[in-house]
Structures are given as structure tokens and as C-alpha cells.
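> Input: one structure, supplied below.
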Amino acid sequence: MTETAATTVSAEQTGREQALTEKVLASFERTPDARLRQLMQSLTRHVHEFVREVRLTEEEWNTAIEFLTAVGHITDEKRQEFILLSDVLGASMQTILVNNPADGDATEATVFGPFFVEDAPEIPLGGDISGGAPGQPCWVEGTVVDTEGAPVPGARIEVWEADEDGFYDVQYTDDRVAGRAHLFADERGRFRFWGLTPTPYPIPHDGPVGQMLAATDRSPVRAAHLHFMVTAEHCRTLVTHIFVEGDPQIEIGDSVFGVQDSLIKRFEQQPAGTPTPDGRDLAGRTWARTRFDVVLAPAA
Ligand code: BEZ
Ligand code: FE
């Protein structure tokens, strides 16, 4: 596709285009629900502005319709290509930013992703979430406090992650439950568990969203991460991840724009034979350790 030269639009043509936009805006004027009216009119303004700014050709409009049709066709109960599209356009992350405003030193939120599962097994403090999933053992510890610095005893902590081959348990066909669990912070807000050192993995890219990434020379790979969801009474629910300091994918770019500097943590590699914090015998394997201190904003 070649870039088109800047198009000069006559005053008469501009008037016709603006008149159409006004007509469509007016068609929504009687919408009884004020919020729906605002959404539809703003959407109209932005879509019309886009079409006019890029001087969209009819062929490009057709390509866009075919693309959205393909996104719909590949979507089913297991595969949500529309959410993936929203993710790679940064629309999911922008919605998260808008809905999780900065509040003191509250931990930043990031994308939820499609691989959370309700009712993951409960583990005790110091337990292991891996469920036999392959990967380097990683000791994760931290505290949960509120924005006043007070511990949040009993905060519920959900954690989930891909194995070292880059797959979540739900991507296998054998109903395994692995790489996910929930636990509760102790009376001082402290938590600790064994997980796996996260590794980078690609988002599903065998569909139209993958084709769009390839056509725009973008990587489908997500920076290595460990998902958290932390809930507690009177606190805003936090959905976030931690990322691995030094992961080259952070520089290349996370495919869904989930990385925030404050969420990049040091994962300290431990040589084989280094004693573990809880005395666990890792049979001569290397392991890693990291710390994630969570600050929950007050509920709205
Ligand atoms: C994930 O982190 O698991 C994820 C997030 C967005 C799209 C695909 C995967
Ligand atoms: Fe993930």
C-alpha cells in the first residue's frame, strides 16, 4: 500500500461531510439514556473524523469489514478474538487506566487476560501454585497494605501463570489444573508462595489479529509475567502482573501494552544448592526469588 499525498478538500466538500456528521449526531439526540446518547454521539464523531482524516477508500472500508467479519468468525466460547483485538490496540489497557486512577502509591493495574479461572485451588502460605507445571521454581513473597500503610490481613490473592513452554493449563486438553492457586495474607498482610519463574509467550496469533500484527511488523509475544488479583473488603480490587527485570521483551514491546515500570521486579537467580527460605529441598536445581509489595487503593 502506498501512502497517499495530502488531499486538499474543497469548502463545498467539507460542508457536505460535516453536514452528514451533524445528521448522524442528531439521529441520536432523542436517546432516552443520557450515557448511551453520549457514547453513540462521541463514537460517531470519532469514526467520522477518522474516515475523513485518512480519506478512507472504499476498498479499505471493505478490507476493514472483512477483517472484522473474520474476527467474529473465529470467536467462540473459548476464543475471544475481539478482546484480543482490543488488547493489541491498547484499548483494554487504556480502559484499565481510566478505571483505576492513580491513588497515592497504590499498585498499578494491568490487563486481565483470558486465562483467569474461578475456583483455582487454595494453597497455604508458602504453598506451591505450580501443580507440577514445568519451570524453574520461584519463591514469591510480599505484603498487602492499604494506601495509609496499614496491613490488610486476610487479603485474597489469586495468582496464575504460564508454564516454561508458554502455555496456561487451560490451553492443554487434559483438564489439568496447574500454575494457578489462591491464598490469603496473614494477620500482618504478609504472603509467600512457590511459583515458576515467568517466561515470555505469544498471545494466540493464528487468527486475524495475528495477521494484523504480522502486517504491521509487531511481535505477538507478551513480556514474561505473573498474574495477580488481590481482593479485600473496603479496597479496590487490584488486577495486575509483575514483570521480570531484564526480560528483553520489555524493550521489544509487550504485545498488549501491559508493562508499567512500577511492576518490573528483580527476580534474583539462586545457584543450585542455595538454601531455600522454607527449607524445601529442590534436589540440586537452581531457583529464583522475588518480592512484590502490594498497595491497595480504597474502594470507590
Ligand atoms: C495474558 O496475559 O495471559 C494475555 C493477555 C492479553 C491477551 C492474551 C493473553
Ligand atoms: Fe498472561
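In the C-alpha cells, chains take letters A, B, ... by order of appearance, with residues numbered from 1 within each chain and ligands from 1 in the order shown.
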Which residues are close to region 221-233 of chain A, i.e. within 6 Å by only C-alpha atoms, leaving aside same-chain residues fewer than 3 positions away? Reply as a PyMOL selection string.
chain A and resi 155-161+198-202+237-243+249-250+254-255
> Taking only C-alpha atoms and all ligand atoms into account, which residues have an atom no farther than 8 Å from ligand 1? I'd like them as a PyMOL selection string.
chain A and resi 83-84+87-88+111-116+161-162+202-204+222+225+227+256
> I'd like the neighbourhood of Arg285 (chain A) as a list in words, where a residue qualifies if any of its atoms comes within 6 Å (using only C-alpha atoms), though same-chain residues fewer than 2 positions away should be ignored.
Ala272, Leu282 and Ala283 of chain A
> Using CA of Gly273 (chain A) and CA of Phe167 (chain A) as the two end points, give the distance in Å to one decimal.
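Taking CA of Gly273 (chain A) and CA of Phe167 (chain A), their separation equals 28.2 Å.
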> For Ala102 (chain A), work out the shell of residues within 12 Å, counting only C-alpha atoms and skipping chain neighbours fewer than 6 positions away, then give it as a PyMOL selection string.
chain A and resi 96+108-109+147+236+295-298
> Based on the backbone DSSP call, show me all residues of region 93-275 of chain A assigned helix (DSSP H, G or I), as a PyMOL selection string.
chain A and resi 93-99+169-171+208-215+248-252+261-263
> Set out as CSV a contact list for region 116-230 of chain A and region 61-80 of chain A with a cut-off of 8 Å, giving each residue of region 116-230 of chain A that qualifies its closest atom pair and distance in Å to one decimal, counting only C-alpha atoms, ordered by chain and rising residue number.

residue,atom,partner,partner_atom,distance
A:Gly207,CA,A:Ile74,CA,7.2
A:Pro208,CA,A:Val71,CA,6.0
A:Val209,CA,A:Val71,CA,7.5
> Go through A:Asp261, A:Asp281, A:Asp163, A:Glu268 and flag the residue nearest ligand 2, using only C-alpha atoms and all ligand atoms for the distances.
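Using only C-alpha atoms and all ligand atoms, ligand 2 sits closest to A:Asp163.
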